[in-house]
Amino acid sequence: MDLGWYPKTCGRQSGGKTQELVPHSLIFIIMEWSNILTVKTFNNGDPIPQVSSINDWITVNEQQSPAWCYYNDDPSNESTYGILYNWYAVIDPRGIAPDGYHIPTDSEFESASPSDFTLLPGCRHYDGQFGYIDTFGYYWASDSYDDFVVWYRRFDGVELHKDYNFKNHGYSIKCLKNVWNPSSLT
């Protein structure tokens with residue numbers, strides 16, 4: 001779609017010279033989100049450890065080890081709510097995103113539509129307790145706020161809210177499909 005013309009170079013014009021004008025086009029990028037992640041192995045086939053007790057949840061997070069769990073440690077919750085991962089599973093170099101997808105960054109979440117987030121799978125707190133099922137959905141971003149806390153999004157059924165929290169919580173993951181990046185041409 002031709003949107004007209006823009007200056008090829010930016011800056012001051014001197015001596016009454018006119019800047020060369022070149023056509024440009026608008027590029028639409030559609031964000032394609034996965035369903036809530038339910039993988040139990042890393043991309044290399046290694047199992048992601050399942051945690052099914054409060055003490056084990058606290059221990060794996062103290063050890064900064066990857067882990068996942070069912071909400072309320074109940075396998076019947078997987079089909080509706082997916083599974084919850086700690087931060088260490090998100091950043092593990094063996095990867096958990098399906099082929100052709102990645103865990104979104106905080107900035108990629110900025111363009112997310114609430115319509116892409118319909119489930120409210122709750123979370124697992126740092127102390128191993130569960131909360132907020134059918135009230136909120138918590139979704140990890142792939143980047144840290146600082147050395148101690150990381151970005152996530154909280155979906156309340158209407159809007160996505162940006163926040164950060166400690167790495168020892170259990171949140172859901174929605175992956176974003178890899179797309180062609182027009183900035184790679186420059």
# chains A, B, ... in the order shown; residues from 1 in each chain; ligands from 1
>>> residues_around(residues="Ser172 of chain A", least_positions_apart="3", cutoff="10 Å", atoms="only C-alpha atoms", output="PyMOL selection string")
chain A and resi 36-38+68+81-86+90+119-124+137-141+152-153
>>> residues_around(residues="Lys162 of chain A", least_positions_apart="2", cutoff="9 Å", atoms="only C-alpha atoms", output="PyMOL selection string")
chain A and resi 106+109-110+151-154+160+164
>>> write_last_selection(atoms="all heavy atoms", output="mmCIF file, in the first residue's frame")
data_model
loop_
_atom_site.group_PDB
_atom_site.id
_atom_site.type_symbol
_atom_site.label_atom_id
_atom_site.label_comp_id
_atom_site.auth_asym_id
_atom_site.auth_seq_id
_atom_site.Cartn_x
_atom_site.Cartn_y
_atom_site.Cartn_z
ATOM 1 N N ASP A 106 9.039 -8.279 27.138
ATOM 2 C CA ASP A 106 8.160 -7.262 27.715
ATOM 3 C C ASP A 106 7.666 -6.300 26.633
ATOM 4 O O ASP A 106 6.486 -5.973 26.580
ATOM 5 C CB ASP A 106 8.909 -6.505 28.815
ATOM 6 C CG ASP A 106 8.091 -5.365 29.368
ATOM 7 O OD1 ASP A 106 7.001 -5.624 29.909
ATOM 8 O OD2 ASP A 106 8.538 -4.207 29.245
ATOM 9 N N PHE A 109 4.906 -7.703 24.505
ATOM 10 C CA PHE A 109 3.622 -7.694 25.208
ATOM 11 C C PHE A 109 2.928 -6.341 25.088
ATOM 12 O O PHE A 109 1.707 -6.252 25.191
ATOM 13 C CB PHE A 109 3.801 -8.018 26.690
ATOM 14 C CG PHE A 109 3.594 -9.460 27.045
ATOM 15 C CD1 PHE A 109 4.627 -10.207 27.560
ATOM 16 C CD2 PHE A 109 2.352 -10.061 26.885
ATOM 17 C CE1 PHE A 109 4.438 -11.531 27.916
ATOM 18 C CE2 PHE A 109 2.157 -11.388 27.233
ATOM 19 C CZ PHE A 109 3.203 -12.122 27.746
ATOM 20 N N GLU A 110 3.682 -5.262 24.860
ATOM 21 C CA GLU A 110 3.097 -3.925 24.743
ATOM 22 C C GLU A 110 2.069 -3.857 23.615
ATOM 23 O O GLU A 110 1.134 -3.077 23.658
ATOM 24 C CB GLU A 110 4.181 -2.868 24.525
ATOM 25 C CG GLU A 110 5.161 -2.705 25.664
ATOM 26 C CD GLU A 110 4.543 -2.125 26.912
ATOM 27 O OE1 GLU A 110 3.539 -1.383 26.816
ATOM 28 O OE2 GLU A 110 5.059 -2.425 28.007
ATOM 29 N N TRP A 151 9.566 -9.329 34.368
ATOM 30 C CA TRP A 151 8.303 -8.828 33.842
ATOM 31 C C TRP A 151 7.297 -9.964 33.661
ATOM 32 O O TRP A 151 7.654 -11.085 33.340
ATOM 33 C CB TRP A 151 8.504 -8.166 32.484
ATOM 34 C CG TRP A 151 9.309 -6.908 32.538
ATOM 35 C CD1 TRP A 151 10.554 -6.726 32.013
ATOM 36 C CD2 TRP A 151 8.927 -5.672 33.121
ATOM 37 N NE1 TRP A 151 10.969 -5.443 32.241
ATOM 38 C CE2 TRP A 151 9.988 -4.771 32.930
ATOM 39 C CE3 TRP A 151 7.797 -5.237 33.804
ATOM 40 C CZ2 TRP A 151 9.962 -3.467 33.374
ATOM 41 C CZ3 TRP A 151 7.756 -3.929 34.258
ATOM 42 C CH2 TRP A 151 8.830 -3.059 34.037
ATOM 43 N N TYR A 152 6.042 -9.640 33.826
ATOM 44 C CA TYR A 152 4.948 -10.542 33.489
ATOM 45 C C TYR A 152 3.729 -9.705 33.165
ATOM 46 O O TYR A 152 3.706 -8.490 33.359
ATOM 47 C CB TYR A 152 4.658 -11.545 34.625
ATOM 48 C CG TYR A 152 3.965 -10.941 35.828
ATOM 49 C CD1 TYR A 152 2.573 -10.941 35.925
ATOM 50 C CD2 TYR A 152 4.688 -10.377 36.868
ATOM 51 C CE1 TYR A 152 1.931 -10.391 37.022
ATOM 52 C CE2 TYR A 152 4.058 -9.827 37.962
ATOM 53 C CZ TYR A 152 2.680 -9.839 38.042
ATOM 54 O OH TYR A 152 2.044 -9.282 39.128
ATOM 55 N N ARG A 153 2.702 -10.361 32.648
ATOM 56 C CA ARG A 153 1.413 -9.705 32.428
ATOM 57 C C ARG A 153 0.346 -10.437 33.227
ATOM 58 O O ARG A 153 0.348 -11.659 33.329
ATOM 59 C CB ARG A 153 1.027 -9.729 30.934
ATOM 60 C CG ARG A 153 1.877 -8.835 30.061
ATOM 61 C CD ARG A 153 1.785 -7.381 30.479
ATOM 62 N NE ARG A 153 2.434 -6.459 29.588
ATOM 63 C CZ ARG A 153 3.722 -6.175 29.588
ATOM 64 N NH1 ARG A 153 4.538 -6.769 30.412
ATOM 65 N NH2 ARG A 153 4.218 -5.294 28.744
ATOM 66 N N ARG A 154 -0.553 -9.644 33.777
ATOM 67 C CA ARG A 154 -1.703 -10.172 34.519
ATOM 68 C C ARG A 154 -2.951 -9.826 33.721
ATOM 69 O O ARG A 154 -3.203 -8.662 33.416
ATOM 70 C CB ARG A 154 -1.777 -9.565 35.919
ATOM 71 C CG ARG A 154 -2.982 -10.031 36.718
ATOM 72 C CD ARG A 154 -2.988 -9.443 38.129
ATOM 73 N NE ARG A 154 -2.757 -8.013 38.155
ATOM 74 C CZ ARG A 154 -3.712 -7.081 38.027
ATOM 75 N NH1 ARG A 154 -4.972 -7.428 37.856
ATOM 76 N NH2 ARG A 154 -3.415 -5.796 38.075
ATOM 77 N N LEU A 160 -4.885 -6.494 29.939
ATOM 78 C CA LEU A 160 -3.578 -6.998 30.336
ATOM 79 C C LEU A 160 -2.880 -5.902 31.128
ATOM 80 O O LEU A 160 -2.791 -4.762 30.657
ATOM 81 C CB LEU A 160 -2.729 -7.330 29.118
ATOM 82 C CG LEU A 160 -2.928 -8.675 28.471
ATOM 83 C CD1 LEU A 160 -2.138 -8.753 27.168
ATOM 84 C CD2 LEU A 160 -2.525 -9.799 29.391
ATOM 85 N N TYR A 164 5.861 -6.593 37.530
ATOM 86 C CA TYR A 164 7.035 -7.439 37.724
ATOM 87 C C TYR A 164 6.947 -8.083 39.096
ATOM 88 O O TYR A 164 6.254 -7.601 39.985
ATOM 89 C CB TYR A 164 8.345 -6.659 37.550
ATOM 90 C CG TYR A 164 8.470 -5.433 38.410
ATOM 91 C CD1 TYR A 164 8.971 -5.519 39.710
ATOM 92 C CD2 TYR A 164 8.106 -4.183 37.930
ATOM 93 C CE1 TYR A 164 9.094 -4.384 40.496
ATOM 94 C CE2 TYR A 164 8.231 -3.050 38.702
ATOM 95 C CZ TYR A 164 8.727 -3.156 39.987
ATOM 96 O OH TYR A 164 8.844 -2.031 40.767
#
>>> closest_residue(among="A:Gly128, A:Pro114, A:Gly157, A:Pro75", to="Asn61 of chain A", atoms="only C-alpha atoms")
A:Gly128
>>> select_by_dssp(residues="segment 33-134 of chain A", states="strand (DSSP E or B)", output="ChimeraX atom specification")
/A:33-36,41,47,50,68-69,84-85,101-102,121-124,130-133
>>> residues_around(residues="Tyr88 of chain A", least_positions_apart="6", cutoff="8 Å", atoms="only C-alpha atoms", output="PyMOL selection string")
chain A and resi 61+64-67+167
>>> atom_distance(atom1="atom CA of Val150 of chain A", atom2="atom CA of Glu62 of chain A")
16.0 Å
>>> closest_residue(among="A:Ser142, A:Gln63, A:Ser52, A:Thr135", to="Ala97 of chain A", atoms="only C-alpha atoms")
A:Ser142
>>> residues_around(residues="Ser34 of chain A", least_positions_apart="2", cutoff="7 Å", atoms="only C-alpha atoms", output="ChimeraX atom specification")
/A:32,36,174-176
>>> write_last_selection(atoms="all heavy atoms", output="PDB file, in the first residue's frame")
ATOM      1  N   GLU A  32       0.750 -13.513  16.251  1.00  0.00           N
ATOM      2  CA  GLU A  32       0.047 -14.786  16.374  1.00  0.00           C
ATOM      3  C   GLU A  32       0.513 -15.474  17.648  1.00  0.00           C
ATOM      4  O   GLU A  32       1.678 -15.849  17.781  1.00  0.00           O
ATOM      5  CB  GLU A  32       0.336 -15.666  15.161  1.00  0.00           C
ATOM      6  CG  GLU A  32      -0.455 -16.948  15.172  1.00  0.00           C
ATOM      7  CD  GLU A  32      -0.202 -17.786  13.932  1.00  0.00           C
ATOM      8  OE1 GLU A  32      -0.057 -17.210  12.832  1.00  0.00           O
ATOM      9  OE2 GLU A  32      -0.143 -19.009  14.074  1.00  0.00           O
ATOM     10  N   ILE A  36      -1.968 -21.703  25.616  1.00  0.00           N
ATOM     11  CA  ILE A  36      -1.126 -21.771  26.806  1.00  0.00           C
ATOM     12  C   ILE A  36      -0.227 -22.999  26.691  1.00  0.00           C
ATOM     13  O   ILE A  36      -0.668 -24.084  26.322  1.00  0.00           O
ATOM     14  CB  ILE A  36      -1.995 -21.825  28.083  1.00  0.00           C
ATOM     15  CG1 ILE A  36      -2.603 -20.448  28.327  1.00  0.00           C
ATOM     16  CG2 ILE A  36      -1.180 -22.265  29.284  1.00  0.00           C
ATOM     17  CD1 ILE A  36      -3.399 -20.346  29.596  1.00  0.00           C
ATOM     18  N   LYS A 174       2.420 -18.065  27.237  1.00  0.00           N
ATOM     19  CA  LYS A 174       1.883 -18.046  25.865  1.00  0.00           C
ATOM     20  C   LYS A 174       3.033 -17.609  24.981  1.00  0.00           C
ATOM     21  O   LYS A 174       3.722 -16.646  25.281  1.00  0.00           O
ATOM     22  CB  LYS A 174       0.716 -17.079  25.743  1.00  0.00           C
ATOM     23  CG  LYS A 174      -0.563 -17.662  26.336  1.00  0.00           C
ATOM     24  CD  LYS A 174      -1.777 -16.856  25.965  1.00  0.00           C
ATOM     25  CE  LYS A 174      -2.095 -16.970  24.525  1.00  0.00           C
ATOM     26  NZ  LYS A 174      -3.462 -17.243  24.176  1.00  0.00           N
ATOM     27  N   CYS A 175       3.236 -18.346  23.912  1.00  0.00           N
ATOM     28  CA  CYS A 175       4.339 -18.043  23.004  1.00  0.00           C
ATOM     29  C   CYS A 175       3.843 -17.215  21.829  1.00  0.00           C
ATOM     30  O   CYS A 175       2.668 -17.243  21.481  1.00  0.00           O
ATOM     31  CB  CYS A 175       4.974 -19.330  22.514  1.00  0.00           C
ATOM     32  SG  CYS A 175       5.781 -20.254  23.833  1.00  0.00           S
ATOM     33  N   LEU A 176       4.772 -16.502  21.235  1.00  0.00           N
ATOM     34  CA  LEU A 176       4.499 -15.640  20.099  1.00  0.00           C
ATOM     35  C   LEU A 176       5.194 -16.227  18.874  1.00  0.00           C
ATOM     36  O   LEU A 176       6.358 -16.633  18.947  1.00  0.00           O
ATOM     37  CB  LEU A 176       5.024 -14.240  20.395  1.00  0.00           C
ATOM     38  CG  LEU A 176       4.673 -13.117  19.461  1.00  0.00           C
ATOM     39  CD1 LEU A 176       3.163 -12.954  19.335  1.00  0.00           C
ATOM     40  CD2 LEU A 176       5.284 -11.822  19.969  1.00  0.00           C
TER      41      LEU A 176
END
>>> atom_distance(atom1="atom CA of Ile91 of chain A", atom2="atom CA of Gly45 of chain A")
16.0 Å
>>> atom_distance(atom1="atom CA of Gln129 of chain A", atom2="atom CA of Thr59 of chain A")
13.6 Å
>>> closest_residue(among="A:Ser113, A:Glu159, A:Gly170, A:Glu78", to="Trp57 of chain A", atoms="only C-alpha atoms")
A:Gly170
>>> select_by_dssp(residues="chain A", states="alpha helix (DSSP H)", output="JSON, numbers by chain")
{"A": [54, 55, 56, 57, 58, 59, 60, 61, 62, 78, 79, 80, 81, 87, 88, 89, 90, 106, 107, 108, 109]}
>>> write_last_selection(atoms="C-alpha atoms", output="PDB file, in the first residue's frame")
ATOM      1  CA  ILE A  54       4.853 -26.903  48.652  1.00  0.00           C
ATOM      2  CA  ASN A  55       8.291 -27.838  50.008  1.00  0.00           C
ATOM      3  CA  ASP A  56       9.527 -29.004  46.592  1.00  0.00           C
ATOM      4  CA  TRP A  57       8.326 -25.747  44.995  1.00  0.00           C
ATOM      5  CA  ILE A  58      10.265 -23.704  47.537  1.00  0.00           C
ATOM      6  CA  THR A  59      13.358 -25.916  47.129  1.00  0.00           C
ATOM      7  CA  VAL A  60      13.566 -25.784  43.307  1.00  0.00           C
ATOM      8  CA  ASN A  61      13.258 -22.009  43.413  1.00  0.00           C
ATOM      9  CA  GLU A  62      15.949 -21.682  46.087  1.00  0.00           C
ATOM     10  CA  GLU A  78      -4.214 -29.159  32.569  1.00  0.00           C
ATOM     11  CA  SER A  79      -6.880 -29.505  29.885  1.00  0.00           C
ATOM     12  CA  THR A  80      -8.547 -26.235  30.913  1.00  0.00           C
ATOM     13  CA  TYR A  81      -5.758 -24.123  32.435  1.00  0.00           C
ATOM     14  CA  TRP A  87      11.072 -18.400  35.801  1.00  0.00           C
ATOM     15  CA  TYR A  88      13.985 -20.827  35.619  1.00  0.00           C
ATOM     16  CA  ALA A  89      12.091 -22.973  33.106  1.00  0.00           C
ATOM     17  CA  VAL A  90      11.418 -19.855  31.006  1.00  0.00           C
ATOM     18  CA  ASP A 106       8.160  -7.262  27.715  1.00  0.00           C
ATOM     19  CA  SER A 107       8.144  -4.906  24.719  1.00  0.00           C
ATOM     20  CA  GLU A 108       6.328  -7.483  22.553  1.00  0.00           C
ATOM     21  CA  PHE A 109       3.622  -7.694  25.208  1.00  0.00           C
TER      22      PHE A 109
END
>>> residues_around(residues="Phe148 of chain A", least_positions_apart="2", cutoff="9 Å", atoms="only C-alpha atoms", output="ChimeraX atom specification")
/A:144-146,150,165-167
>>> write_last_selection(atoms="all heavy atoms", output="CSV table (one decimal), in the first residue's frame")
chain,number,residue,atom,x,y,z
A,144,SER,N,14.1,-9.8,32.1
A,144,SER,CA,14.1,-9.4,33.5
A,144,SER,C,14.0,-7.9,33.6
A,144,SER,O,14.4,-7.1,32.7
A,144,SER,CB,15.5,-9.8,34.1
A,144,SER,OG,15.6,-11.1,34.2
A,145,TYR,N,13.4,-7.5,34.7
A,145,TYR,CA,13.4,-6.1,35.1
A,145,TYR,C,14.7,-5.7,35.7
A,145,TYR,O,15.3,-4.7,35.3
A,145,TYR,CB,12.3,-5.8,36.1
A,145,TYR,CG,12.2,-4.4,36.7
A,145,TYR,CD1,11.7,-3.4,35.9
A,145,TYR,CD2,12.7,-4.1,37.9
A,145,TYR,CE1,11.6,-2.1,36.4
A,145,TYR,CE2,12.7,-2.9,38.4
A,145,TYR,CZ,12.2,-1.8,37.6
A,145,TYR,OH,12.1,-0.6,38.1
A,146,ASP,N,15.3,-6.6,36.5
A,146,ASP,CA,16.6,-6.4,37.1
A,146,ASP,C,17.1,-7.8,37.5
A,146,ASP,O,16.5,-8.8,37.1
A,146,ASP,CB,16.6,-5.4,38.2
A,146,ASP,CG,15.8,-5.7,39.4
A,146,ASP,OD1,15.5,-6.9,39.6
A,146,ASP,OD2,15.5,-4.8,40.2
A,150,VAL,N,11.3,-10.0,37.5
A,150,VAL,CA,11.1,-10.2,36.0
A,150,VAL,C,9.7,-9.7,35.6
A,150,VAL,O,8.8,-9.6,36.5
A,150,VAL,CB,11.2,-11.6,35.6
A,150,VAL,CG1,12.7,-12.1,35.8
A,150,VAL,CG2,10.3,-12.6,36.4
A,165,ASN,N,7.6,-9.2,39.2
A,165,ASN,CA,7.6,-10.0,40.5
A,165,ASN,C,8.9,-10.8,40.6
A,165,ASN,O,9.6,-10.9,39.6
A,165,ASN,CB,6.3,-10.9,40.5
A,165,ASN,CG,5.8,-11.1,41.9
A,165,ASN,OD1,6.6,-11.0,42.9
A,165,ASN,ND2,4.6,-11.4,42.1
A,166,PHE,N,9.0,-11.4,41.7
A,166,PHE,CA,10.2,-12.3,41.9
A,166,PHE,C,10.1,-13.5,41.1
A,166,PHE,O,9.0,-13.9,40.6
A,166,PHE,CB,10.3,-12.7,43.4
A,166,PHE,CG,10.6,-11.5,44.3
A,166,PHE,CD1,9.6,-10.9,45.1
A,166,PHE,CD2,11.9,-10.9,44.3
A,166,PHE,CE1,9.9,-9.8,45.9
A,166,PHE,CE2,12.1,-9.8,45.1
A,166,PHE,CZ,11.2,-9.3,45.9
A,167,LYS,N,11.2,-14.2,40.8
A,167,LYS,CA,11.4,-15.3,39.9
A,167,LYS,C,10.8,-16.6,40.4
A,167,LYS,O,10.8,-17.5,39.7
A,167,LYS,CB,12.9,-15.5,39.5
A,167,LYS,CG,13.5,-14.2,38.9
A,167,LYS,CD,14.9,-14.4,38.7
A,167,LYS,CE,15.5,-13.1,38.1
A,167,LYS,NZ,17.0,-13.2,37.8
>>> closest_residue(among="A:Ile103, A:Ala112, A:Met31, A:Ile133", to="Tyr70 of chain A", atoms="only C-alpha atoms")
A:Ile133
>>> decode(residues="segment 94-106 of chain A", atoms="N, CA, C and O atoms", output="tab-separated table (two decimals), in the first residue's frame")
chain	number	residue	atom	x	y	z
A	94	ARG	N	17.95	-24.73	27.20
A	94	ARG	CA	17.44	-25.84	26.39
A	94	ARG	C	16.14	-25.47	25.69
A	94	ARG	O	15.73	-26.13	24.75
A	95	GLY	N	15.49	-24.39	26.12
A	95	GLY	CA	14.30	-23.86	25.46
A	95	GLY	C	13.05	-24.68	25.69
A	95	GLY	O	13.11	-25.90	25.81
A	96	ILE	N	11.90	-23.97	25.75
A	96	ILE	CA	10.61	-24.66	25.89
A	96	ILE	C	9.59	-24.20	24.86
A	96	ILE	O	8.55	-24.82	24.71
A	97	ALA	N	9.88	-23.14	24.16
A	97	ALA	CA	8.93	-22.65	23.14
A	97	ALA	C	8.90	-23.63	21.96
A	97	ALA	O	9.95	-24.13	21.55
A	98	PRO	N	7.73	-23.90	21.41
A	98	PRO	CA	7.65	-24.78	20.24
A	98	PRO	C	8.41	-24.20	19.05
A	98	PRO	O	8.65	-22.99	18.98
A	99	ASP	N	8.78	-25.06	18.13
A	99	ASP	CA	9.49	-24.64	16.93
A	99	ASP	C	8.69	-23.55	16.21
A	99	ASP	O	7.49	-23.68	16.00
A	100	GLY	N	9.36	-22.46	15.87
A	100	GLY	CA	8.72	-21.35	15.17
A	100	GLY	C	8.10	-20.33	16.10
A	100	GLY	O	7.52	-19.35	15.64
A	101	TYR	N	8.21	-20.53	17.42
A	101	TYR	CA	7.65	-19.61	18.42
A	101	TYR	C	8.74	-19.22	19.42
A	101	TYR	O	9.77	-19.87	19.52
A	102	HIS	N	8.46	-18.18	20.17
A	102	HIS	CA	9.35	-17.76	21.26
A	102	HIS	C	8.50	-17.18	22.39
A	102	HIS	O	7.35	-16.81	22.19
A	103	ILE	N	9.10	-17.13	23.56
A	103	ILE	CA	8.43	-16.50	24.70
A	103	ILE	C	8.57	-15.00	24.51
A	103	ILE	O	9.68	-14.50	24.29
A	104	PRO	N	7.47	-14.25	24.55
A	104	PRO	CA	7.54	-12.83	24.22
A	104	PRO	C	8.33	-12.01	25.23
A	104	PRO	O	8.37	-12.33	26.43
A	105	THR	N	8.95	-10.97	24.73
A	105	THR	CA	9.63	-10.00	25.59
A	105	THR	C	8.59	-9.04	26.18
A	105	THR	O	7.44	-8.99	25.73
A	106	ASP	N	9.04	-8.28	27.14
A	106	ASP	CA	8.16	-7.26	27.72
A	106	ASP	C	7.67	-6.30	26.63
A	106	ASP	O	6.49	-5.97	26.58
